[in-house]
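Listing of structure_2.csv, CSV, C-alpha atoms
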chain,number,residue,atom,x,y,z
A,1,MET,CA,63.1,-27.2,38.7
A,2,THR,CA,60.8,-29.3,36.5
A,3,PHE,CA,58.7,-30.8,39.2
A,4,GLU,CA,56.3,-29.5,41.8
A,5,VAL,CA,56.2,-30.5,45.5
A,6,TYR,CA,53.2,-31.0,47.7
A,7,VAL,CA,53.1,-32.2,51.3
A,8,LEU,CA,50.4,-34.6,52.5
A,9,ARG,CA,50.1,-34.4,56.3
A,10,ILE,CA,48.5,-37.7,57.6
A,11,GLY,CA,47.4,-38.7,61.1
A,12,HIS,CA,46.4,-35.2,62.1
A,13,ARG,CA,44.5,-35.2,65.4
A,14,PRO,CA,42.9,-31.7,65.9
A,15,ALA,CA,42.9,-31.9,69.7
A,16,ARG,CA,46.6,-32.7,69.9
A,17,ASP,CA,48.4,-31.7,66.7
A,18,LYS,CA,47.2,-28.2,65.8
A,19,ARG,CA,50.5,-26.5,66.5
A,20,ILE,CA,52.8,-29.2,65.0
A,21,THR,CA,50.6,-29.4,61.9
A,22,THR,CA,50.7,-25.6,61.6
A,23,HIS,CA,54.5,-25.8,61.8
A,24,VAL,CA,54.5,-28.5,59.1
A,25,GLY,CA,52.4,-26.2,56.9
A,26,LEU,CA,54.6,-23.1,57.5
A,27,VAL,CA,57.8,-25.1,56.8
A,28,ALA,CA,56.2,-26.5,53.6
A,29,ARG,CA,55.5,-23.0,52.4
A,30,ALA,CA,58.8,-21.4,53.5
A,31,PHE,CA,61.0,-24.2,52.1
A,32,GLY,CA,59.3,-24.2,48.7
A,33,ALA,CA,56.4,-26.7,48.5
A,34,ARG,CA,53.4,-25.6,46.5
A,35,GLY,CA,50.8,-26.7,49.0
A,36,MET,CA,49.7,-29.0,51.8
A,37,ILE,CA,46.9,-31.5,52.0
A,38,LEU,CA,45.5,-32.4,55.4
A,39,ASP,CA,43.8,-35.7,56.0
A,40,CYS,CA,41.3,-34.1,58.4
A,41,ARG,CA,39.3,-30.9,58.2
A,42,ASP,CA,40.7,-28.5,60.8
A,43,GLU,CA,39.6,-24.9,60.3
A,44,LYS,CA,41.9,-23.6,63.0
A,45,VAL,CA,45.0,-24.8,61.2
A,46,LEU,CA,43.6,-23.6,57.9
A,47,SER,CA,43.0,-20.1,59.3
A,48,SER,CA,46.4,-19.8,60.9
A,49,LEU,CA,48.1,-20.8,57.6
A,50,SER,CA,45.8,-18.6,55.5
A,51,MET,CA,46.6,-15.6,57.6
A,52,VAL,CA,50.4,-16.1,57.1
A,53,CYS,CA,49.8,-16.5,53.3
A,54,LYS,CA,47.8,-13.3,53.2
A,55,ASN,CA,50.4,-11.3,55.0
A,56,TRP,CA,53.6,-12.8,53.7
A,57,GLY,CA,52.5,-13.5,50.1
A,58,GLY,CA,52.7,-16.3,47.6
A,59,SER,CA,50.2,-18.8,46.4
A,60,PHE,CA,50.5,-21.7,48.8
A,61,HIS,CA,47.6,-24.2,48.3
A,62,LEU,CA,45.7,-25.7,51.3
A,63,SER,CA,43.2,-28.5,51.0
A,64,PHE,CA,41.7,-31.4,52.8
A,65,THR,CA,41.2,-35.0,51.7
A,66,GLU,CA,38.8,-37.4,53.4
A,67,ASP,CA,40.6,-40.4,51.8
A,68,PRO,CA,44.4,-40.0,51.9
A,69,TYR,CA,44.9,-43.6,50.6
A,70,ASP,CA,42.8,-42.7,47.5
A,71,TYR,CA,44.7,-39.4,47.2
A,72,CYS,CA,48.0,-41.2,47.0
A,73,ILE,CA,46.7,-43.8,44.5
A,74,LYS,CA,45.5,-41.0,42.3
A,75,TRP,CA,48.7,-39.1,42.7
A,76,LYS,CA,50.6,-42.1,41.4
A,77,ASN,CA,48.1,-42.7,38.6
A,78,ASP,CA,48.6,-39.1,37.5
A,79,GLY,CA,52.3,-39.8,37.0
A,80,GLY,CA,53.6,-38.4,40.3
A,81,GLU,CA,55.9,-40.0,42.8
A,82,ILE,CA,55.7,-40.3,46.6
A,83,ILE,CA,58.3,-39.8,49.2
A,84,HIS,CA,57.5,-40.9,52.7
A,85,LEU,CA,59.6,-39.3,55.5
A,86,THR,CA,60.2,-41.9,58.2
A,87,MET,CA,63.0,-42.6,60.7
A,88,TYR,CA,62.9,-46.3,59.5
A,89,GLY,CA,63.9,-45.3,55.9
A,90,ILE,CA,67.1,-45.0,53.9
A,91,ASN,CA,69.1,-42.0,54.9
A,92,LEU,CA,68.7,-38.9,52.7
A,93,PRO,CA,72.3,-38.6,51.4
A,94,LEU,CA,72.1,-42.1,49.9
A,95,VAL,CA,69.0,-41.3,47.8
A,96,ILE,CA,68.7,-37.5,47.3
A,97,ASN,CA,70.5,-37.5,44.0
A,98,ASP,CA,68.2,-40.1,42.5
A,99,ILE,CA,65.1,-38.3,43.8
A,100,LYS,CA,66.3,-35.0,42.3
A,101,LYS,CA,67.0,-36.7,39.0
A,102,SER,CA,63.4,-37.6,38.4
A,103,CYS,CA,61.2,-34.9,36.9
A,104,LYS,CA,58.0,-36.3,38.4
A,105,ASN,CA,55.9,-34.2,40.7
A,106,LYS,CA,56.5,-35.2,44.3
A,107,LEU,CA,54.1,-35.8,47.1
A,108,VAL,CA,56.0,-35.8,50.5
A,109,VAL,CA,54.1,-37.8,53.1
A,110,VAL,CA,54.6,-36.6,56.7
A,111,GLY,CA,53.0,-38.7,59.4
A,112,ALA,CA,52.3,-38.3,63.1
A,113,GLU,CA,53.1,-41.1,65.5
A,114,LYS,CA,51.7,-44.3,63.9
A,115,VAL,CA,51.9,-44.5,60.1
A,116,PRO,CA,49.9,-47.3,58.4
A,117,ARG,CA,51.9,-49.8,56.4
A,118,PHE,CA,50.1,-48.6,53.2
A,119,TYR,CA,52.4,-45.5,53.0
A,120,TYR,CA,55.6,-47.6,53.3
A,121,GLU,CA,54.4,-49.7,50.5
A,122,ILE,CA,53.1,-47.1,48.1
A,123,ALA,CA,56.0,-44.7,48.6
A,124,ASP,CA,58.7,-44.7,45.9
A,125,TRP,CA,61.1,-43.7,48.6
A,126,ASN,CA,61.0,-44.1,52.3
A,127,VAL,CA,63.5,-41.5,53.4
A,128,ALA,CA,65.1,-41.0,56.9
A,129,ILE,CA,66.7,-37.8,58.2
A,130,GLY,CA,68.8,-39.9,60.6
A,131,ASN,CA,67.4,-43.0,62.2
A,132,GLN,CA,66.6,-41.4,65.6
A,133,PRO,CA,63.2,-40.1,66.8
A,134,HIS,CA,62.9,-36.4,66.4
A,135,SER,CA,60.3,-34.4,64.5
A,136,GLU,CA,58.3,-34.4,61.3
A,137,VAL,CA,58.8,-30.6,61.2
A,138,ALA,CA,62.5,-31.0,61.2
A,139,ALA,CA,62.5,-33.9,58.7
A,140,LEU,CA,60.4,-32.0,56.3
A,141,ALA,CA,62.6,-28.9,56.5
A,142,VAL,CA,65.8,-30.8,55.9
A,143,PHE,CA,64.3,-32.8,53.1
A,144,LEU,CA,63.0,-29.7,51.2
A,145,LEU,CA,66.2,-27.9,51.9
A,146,GLU,CA,68.1,-30.5,50.1
A,147,LEU,CA,65.5,-31.3,47.4
A,148,LEU,CA,65.1,-27.7,46.4
A,149,ASP,CA,68.8,-26.7,46.8
A,150,GLY,CA,68.3,-24.3,49.6
A,151,TRP,CA,65.3,-22.4,48.1
A,152,VAL,CA,64.4,-21.2,51.6
A,153,PHE,CA,67.4,-18.8,51.5
A,154,ARG,CA,66.5,-17.2,48.1
A,155,SER,CA,62.7,-17.5,48.4
A,156,SER,CA,60.4,-14.8,47.1
A,157,PHE,CA,56.7,-14.5,47.6
A,158,GLU,CA,54.4,-12.4,45.4
A,159,ASN,CA,52.0,-9.9,46.8
A,160,ALA,CA,53.6,-9.9,50.3
A,161,LYS,CA,52.3,-7.2,52.6
A,162,ILE,CA,55.2,-7.6,55.0
A,163,LYS,CA,58.9,-8.2,54.3
A,164,ILE,CA,61.9,-8.5,56.6
A,165,ILE,CA,65.2,-6.7,56.0
A,166,PRO,CA,67.7,-9.1,57.5
A,167,SER,CA,69.7,-7.5,60.2
A,168,GLU,CA,72.5,-8.2,62.6
A,169,LYS,CA,70.7,-7.0,65.6
A,170,GLY,CA,67.0,-6.4,66.2
A,171,LYS,CA,64.0,-6.5,63.8
A,172,ARG,CA,63.6,-4.6,60.6
A,173,VAL,CA,60.2,-5.1,58.9
A,174,ILE,CA,58.8,-3.2,56.0
A,175,LYS,CA,55.1,-2.9,55.0
A,176,VAL,CA,54.7,-3.1,51.3
A,177,SER,CA,52.1,-0.8,49.9
A,178,LYS,CA,50.6,-1.3,46.4
B,1,MET,CA,84.9,-30.6,66.3
B,2,THR,CA,86.5,-28.5,69.0
B,3,PHE,CA,83.4,-26.9,70.4
B,4,GLU,CA,80.2,-28.2,72.2
B,5,VAL,CA,76.7,-27.1,71.4
B,6,TYR,CA,73.9,-26.5,73.8
B,7,VAL,CA,70.4,-25.3,73.1
B,8,LEU,CA,68.6,-22.8,75.3
B,9,ARG,CA,64.8,-22.9,74.8
B,10,ILE,CA,63.2,-19.7,75.9
B,11,GLY,CA,59.6,-18.6,76.2
B,12,HIS,CA,58.3,-22.1,77.0
B,13,ARG,CA,54.7,-22.0,78.1
B,14,PRO,CA,53.8,-25.4,79.6
B,15,ALA,CA,50.1,-25.2,78.7
B,16,ARG,CA,50.8,-24.5,75.1
B,17,ASP,CA,54.3,-25.5,74.1
B,18,LYS,CA,54.8,-29.0,75.4
B,19,ARG,CA,54.9,-30.8,72.1
B,20,ILE,CA,56.9,-28.1,70.2
B,21,THR,CA,59.5,-27.9,73.0
B,22,THR,CA,59.7,-31.7,73.1
B,23,HIS,CA,60.4,-31.6,69.3
B,24,VAL,CA,63.0,-28.9,69.9
B,25,GLY,CA,64.7,-31.2,72.5
B,26,LEU,CA,64.5,-34.3,70.2
B,27,VAL,CA,66.0,-32.3,67.3
B,28,ALA,CA,68.8,-31.0,69.6
B,29,ARG,CA,69.7,-34.5,70.6
B,30,ALA,CA,69.4,-36.2,67.1
B,31,PHE,CA,71.3,-33.4,65.3
B,32,GLY,CA,74.2,-33.4,67.7
B,33,ALA,CA,73.7,-30.9,70.5
B,34,ARG,CA,75.0,-31.9,73.9
B,35,GLY,CA,72.0,-30.8,75.8
B,36,MET,CA,69.0,-28.5,76.2
B,37,ILE,CA,68.3,-25.9,78.9
B,38,LEU,CA,64.6,-24.9,79.5
B,39,ASP,CA,63.6,-21.5,81.0
B,40,CYS,CA,60.7,-23.1,82.8
B,41,ARG,CA,60.4,-26.3,84.9
B,42,ASP,CA,58.2,-28.7,82.9
B,43,GLU,CA,58.4,-32.3,84.2
B,44,LYS,CA,56.3,-33.6,81.3
B,45,VAL,CA,58.7,-32.4,78.7
B,46,LEU,CA,61.6,-33.7,80.8
B,47,SER,CA,60.1,-37.1,81.2
B,48,SER,CA,59.3,-37.5,77.5
B,49,LEU,CA,62.8,-36.6,76.6
B,50,SER,CA,64.4,-38.7,79.3
B,51,MET,CA,62.4,-41.7,78.0
B,52,VAL,CA,63.9,-41.2,74.5
B,53,CYS,CA,67.4,-40.9,75.9
B,54,LYS,CA,67.0,-44.0,78.0
B,55,ASN,CA,65.8,-46.1,75.0
B,56,TRP,CA,67.8,-44.6,72.2
B,57,GLY,CA,71.1,-44.0,74.1
B,58,GLY,CA,73.6,-41.2,74.4
B,59,SER,CA,74.2,-38.7,77.2
B,60,PHE,CA,72.0,-35.7,76.3
B,61,HIS,CA,71.8,-33.3,79.2
B,62,LEU,CA,68.6,-31.7,80.3
B,63,SER,CA,68.3,-28.9,82.7
B,64,PHE,CA,66.2,-25.9,83.8
B,65,THR,CA,67.2,-22.3,84.5
B,66,GLU,CA,65.1,-19.8,86.3
B,67,ASP,CA,67.0,-16.9,85.0
B,68,PRO,CA,67.9,-17.3,81.3
B,69,TYR,CA,69.3,-13.8,81.1
B,70,ASP,CA,71.8,-14.7,83.8
B,71,TYR,CA,72.5,-18.0,82.1
B,72,CYS,CA,73.4,-16.2,78.9
B,73,ILE,CA,75.6,-13.7,80.7
B,74,LYS,CA,77.5,-16.5,82.5
B,75,TRP,CA,77.8,-18.4,79.2
B,76,LYS,CA,79.6,-15.4,77.6
B,77,ASN,CA,81.7,-14.8,80.7
B,78,ASP,CA,82.8,-18.4,80.5
B,79,GLY,CA,84.1,-17.8,77.0
B,80,GLY,CA,81.2,-19.2,75.1
B,81,GLU,CA,79.3,-17.6,72.2
B,82,ILE,CA,75.6,-17.2,71.6
B,83,ILE,CA,73.7,-17.8,68.4
B,84,HIS,CA,70.1,-16.7,68.3
B,85,LEU,CA,67.9,-18.2,65.7
B,86,THR,CA,65.4,-15.6,64.4
B,87,MET,CA,63.7,-14.9,61.1
B,88,TYR,CA,64.9,-11.3,61.5
B,89,GLY,CA,68.6,-12.3,61.4
B,90,ILE,CA,71.2,-12.7,58.7
B,91,ASN,CA,70.7,-15.7,56.5
B,92,LEU,CA,72.7,-18.8,57.4
B,93,PRO,CA,74.8,-19.2,54.2
B,94,LEU,CA,76.3,-15.7,54.8
B,95,VAL,CA,77.5,-16.5,58.3
B,96,ILE,CA,77.9,-20.2,58.7
B,97,ASN,CA,81.6,-20.3,57.8
B,98,ASP,CA,82.5,-17.7,60.3
B,99,ILE,CA,80.5,-19.4,63.0
B,100,LYS,CA,82.2,-22.7,62.2
B,101,LYS,CA,85.6,-21.2,62.3
B,102,SER,CA,85.3,-20.2,66.0
B,103,CYS,CA,86.3,-22.9,68.5
B,104,LYS,CA,84.1,-21.4,71.3
B,105,ASN,CA,81.3,-23.4,72.8
B,106,LYS,CA,78.0,-22.4,71.3
B,107,LEU,CA,74.7,-21.7,73.0
B,108,VAL,CA,71.9,-21.8,70.4
B,109,VAL,CA,68.9,-19.7,71.6
B,110,VAL,CA,65.6,-20.8,70.3
B,111,GLY,CA,62.5,-18.7,71.1
B,112,ALA,CA,58.8,-19.0,71.0
B,113,GLU,CA,56.6,-16.2,69.7
B,114,LYS,CA,58.0,-13.0,71.3
B,115,VAL,CA,61.7,-12.8,72.1
B,116,PRO,CA,62.9,-10.0,74.3
B,117,ARG,CA,65.4,-7.6,72.9
B,118,PHE,CA,68.0,-8.8,75.3
B,119,TYR,CA,68.7,-11.9,73.2
B,120,TYR,CA,69.2,-9.9,70.0
B,121,GLU,CA,71.7,-7.8,71.8
B,122,ILE,CA,73.7,-10.5,73.7
B,123,ALA,CA,73.9,-12.8,70.7
B,124,ASP,CA,77.1,-12.9,68.7
B,125,TRP,CA,75.0,-13.9,65.8
B,126,ASN,CA,71.3,-13.5,65.0
B,127,VAL,CA,70.8,-16.1,62.3
B,128,ALA,CA,67.8,-16.6,60.0
B,129,ILE,CA,66.9,-19.8,58.2
B,130,GLY,CA,65.1,-17.7,55.6
B,131,ASN,CA,63.2,-14.6,56.5
B,132,GLN,CA,59.7,-16.1,56.5
B,133,PRO,CA,57.7,-17.3,59.5
B,134,HIS,CA,58.0,-21.1,59.9
B,135,SER,CA,59.2,-23.1,62.9
B,136,GLU,CA,61.8,-23.0,65.6
B,137,VAL,CA,62.0,-26.8,65.3
B,138,ALA,CA,62.9,-26.5,61.6
B,139,ALA,CA,65.3,-23.6,62.2
B,140,LEU,CA,67.2,-25.6,64.8
B,141,ALA,CA,67.4,-28.7,62.6
B,142,VAL,CA,68.8,-26.8,59.6
B,143,PHE,CA,71.2,-24.8,61.8
B,144,LEU,CA,72.6,-27.9,63.5
B,145,LEU,CA,72.7,-29.8,60.2
B,146,GLU,CA,75.0,-27.2,58.7
B,147,LEU,CA,77.0,-26.4,61.9
B,148,LEU,CA,77.9,-30.0,62.5
B,149,ASP,CA,78.3,-31.1,58.9
B,150,GLY,CA,75.4,-33.4,58.8
B,151,TRP,CA,76.2,-35.3,62.0
B,152,VAL,CA,72.6,-36.4,62.1
B,153,PHE,CA,73.3,-38.8,59.3
B,154,ARG,CA,76.3,-40.5,60.9
B,155,SER,CA,75.2,-40.1,64.6
B,156,SER,CA,75.9,-42.8,67.1
B,157,PHE,CA,74.5,-43.1,70.6
B,158,GLU,CA,76.1,-45.1,73.4
B,159,ASN,CA,74.1,-47.6,75.4
B,160,ALA,CA,71.1,-47.6,73.1
B,161,LYS,CA,68.5,-50.2,73.8
B,162,ILE,CA,66.9,-49.8,70.4
B,163,LYS,CA,68.4,-49.3,67.0
B,164,ILE,CA,66.9,-49.0,63.5
B,165,ILE,CA,68.2,-50.9,60.5
B,166,PRO,CA,67.4,-48.5,57.6
B,167,SER,CA,65.2,-50.2,55.1
B,168,GLU,CA,63.5,-49.4,51.8
B,169,LYS,CA,60.1,-50.6,52.9
B,170,GLY,CA,58.7,-51.1,56.4
B,171,LYS,CA,60.3,-51.0,59.8
B,172,ARG,CA,63.3,-52.9,61.0
B,173,VAL,CA,64.2,-52.4,64.7
B,174,ILE,CA,66.7,-54.3,66.8
B,175,LYS,CA,66.8,-54.5,70.5
B,176,VAL,CA,70.3,-54.4,71.8
B,177,SER,CA,71.1,-56.6,74.7
B,178,LYS,CA,74.1,-56.1,77.0

Target format structure tokens, applied to this file:
Amino acid sequence: MTFEVYVLRIGHRPARDKRITTHVGLVARAFGARGMILDCRDEKVLSSLSMVCKNWGGSFHLSFTEDPYDYCIKWKNDGGEIIHLTMYGINLPLVINDIKKSCKNKLVVVGAEKVPRFYYEIADWNVAIGNQPHSEVAALAVFLLELLDGWVFRSSFENAKIKIIPSEKGKRVIKVSK
Amino acid sequence: MTFEVYVLRIGHRPARDKRITTHVGLVARAFGARGMILDCRDEKVLSSLSMVCKNWGGSFHLSFTEDPYDYCIKWKNDGGEIIHLTMYGINLPLVINDIKKSCKNKLVVVGAEKVPRFYYEIADWNVAIGNQPHSEVAALAVFLLELLDGWVFRSSFENAKIKIIPSEKGKRVIKVSK
């Protein structure tokens, strides 16, 4: 893989979206993105995600931006491209090969309910995971699964304190000592 | 496809899980399951999902069970099989072909944080979408995507009042009149 993937979560409302945004962050990490940028400072989301990173390893980056428009403009100026996940977009199978061909770093924009027109315009790709209402968590998972060729199934995270041994029944967890 | 797929959402706590469970239901519908069974009566989740079904079409079934253990036992007695999605399970690529080969109706069990041992035992398959913590919404989406060969991308729903015309920029929605 010659590009890096970051997720920009927009429209986060702390009172309402804590758990959904936490799921977006966990999916970003588990499916192979390098980090998530939130458009709103929310220490509770940050601490949930930091705790997972501490225990399960890896170097997932978390940050906030007060100006997500500016963040996107700078991302493009730095040579990156933007993929906006939206049910109004073109379905993934029609565009995934073109997206994978490009070596540019990718910012995946994941919105909540109402997404300003700005993102549709600045995005290099407006991509749908089906044209029905469902979930930004699901859309991000399927997009990263396809973009990174199923990295989630062969992932490895440095400095993990906990690892799972996959099993047919029950739970097998090992604690890794240094 | 010779089997039907239903989703059993367990461990739902109305105060905490409304939005996550609503996303589970929306993903179940959009990715091709026939219905969702909740282990707890929650009229708010029911009304959100019913509204989507009314506008976007299809015949997605919603129901509640007061005894999810008994529901699972009856499902098996009726000749169905059970797939429990859990990060402790065997990774999807290792088992998906065997699961698809079977023509039995499938109940996909999707838990919240703590899942009783019962489900690990009664499941024919304990399946992981990677062995990292992420999201039951994401796990369900990826599982149904693979099980139903990307049905989400060619889905059609009868009696829809609203349809999206996929577009490269912006939103195109048509209202369907009868």

Looking at all atoms listed in the file, which of A:Ile165, A:Glu121, A:Gly11, A:Ser135 is the one that sits closest to B:Arg29?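 Smallest separation from B:Arg29 among the options: A:Ser135.
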
Notebook entry, point to check: Do you know which residues lie at most 7 Å from (75.4, -28.3, 72.8), with coordinates as in the file and all atoms listed in the file counted, and could you write them as a list in words?
Noted result: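 The residues near that point, listed by chain and number, are Glu4, Val5, Tyr6, Val7, Ala33, Arg34, Gly35, Lys106 and Leu107 of chain B.
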
Grab the residues selected above and save them as a short mmCIF file (atom, residue, chain, number, x, y, z; two decimals), keeping the file's coordinate frame with C-alpha atoms.
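This went into part-v4.cif:
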data_model
loop_
_atom_site.label_atom_id
_atom_site.label_comp_id
_atom_site.auth_asym_id
_atom_site.auth_seq_id
_atom_site.Cartn_x
_atom_site.Cartn_y
_atom_site.Cartn_z
CA GLU B 4 80.20 -28.20 72.20
CA VAL B 5 76.70 -27.10 71.40
CA TYR B 6 73.90 -26.50 73.80
CA VAL B 7 70.40 -25.30 73.10
CA ALA B 33 73.70 -30.90 70.50
CA ARG B 34 75.00 -31.90 73.90
CA GLY B 35 72.00 -30.80 75.80
CA LYS B 106 78.00 -22.40 71.30
CA LEU B 107 74.70 -21.70 73.00
#

Judged by all atoms listed in the file, the minimum distance to B:Asn126 among A:Gly32, A:Gly111, A:Gly170, A:Gly80 is found for A:Gly170

inquiry  = Contacts from chain A to chain B, 6 Å maximum, only C-alpha atoms: show me the residue list as a list in words.
reply    =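 Close to chain B, chain A has His23, Leu26, Val27, Tyr88, Gly89, Ile90, Tyr120, Asn126, Gly130, His134, Ser135, Val137, Ala138, Ala141, Val152, Phe153, Pro166, Ser167, Glu168, Lys169, Gly170 and Lys171 of chain A.
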
Write to file, as a tab-separated table (two decimals), in the frame of the given file, the residues of the selection just made, with C-alpha atoms.
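Saved the output as out.tsv:
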chain	number	residue	atom	x	y	z
A	23	HIS	CA	54.50	-25.80	61.80
A	26	LEU	CA	54.60	-23.10	57.50
A	27	VAL	CA	57.80	-25.10	56.80
A	88	TYR	CA	62.90	-46.30	59.50
A	89	GLY	CA	63.90	-45.30	55.90
A	90	ILE	CA	67.10	-45.00	53.90
A	120	TYR	CA	55.60	-47.60	53.30
A	126	ASN	CA	61.00	-44.10	52.30
A	130	GLY	CA	68.80	-39.90	60.60
A	134	HIS	CA	62.90	-36.40	66.40
A	135	SER	CA	60.30	-34.40	64.50
A	137	VAL	CA	58.80	-30.60	61.20
A	138	ALA	CA	62.50	-31.00	61.20
A	141	ALA	CA	62.60	-28.90	56.50
A	152	VAL	CA	64.40	-21.20	51.60
A	153	PHE	CA	67.40	-18.80	51.50
A	166	PRO	CA	67.70	-9.10	57.50
A	167	SER	CA	69.70	-7.50	60.20
A	168	GLU	CA	72.50	-8.20	62.60
A	169	LYS	CA	70.70	-7.00	65.60
A	170	GLY	CA	67.00	-6.40	66.20
A	171	LYS	CA	64.00	-6.50	63.80

Length of the atom CA of B:Leu8 to atom CA of A:Leu85 vector [Å]: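 Going from atom CA of B:Leu8 over to atom CA of A:Leu85 covers 27.3 Å.
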
**Prompt:** How many Å lie between atom CA of A:Asp39 and atom CA of A:Leu147, rounded to one decimal?
**Reply:**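 Straight-line distance from atom CA of A:Asp39 to atom CA of A:Leu147 works out to 23.8 Å.
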
Sphere at (48.1, -38.5, 46.9), radius 12 Å, counting only C-alpha atoms: residues as JSON, numbers by chain: {"A": [5, 6, 7, 8, 9, 10, 36, 37, 38, 39, 63, 64, 65, 66, 67, 68, 69, 70, 71, 72, 73, 74, 75, 76, 77, 78, 79, 80, 81, 82, 83, 84, 105, 106, 107, 108, 109, 110, 119, 122, 123]}

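Candidate residues B:Lys101, B:His61, B:Lys18, B:Lys114 were compared for distance to B:Asp42, and the nearest is B:Lys18, using all atoms listed in the file.
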
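One distance worth recording is that between atom CA of B:Thr2 and atom CA of B:Leu49, which is 26.2 Å.
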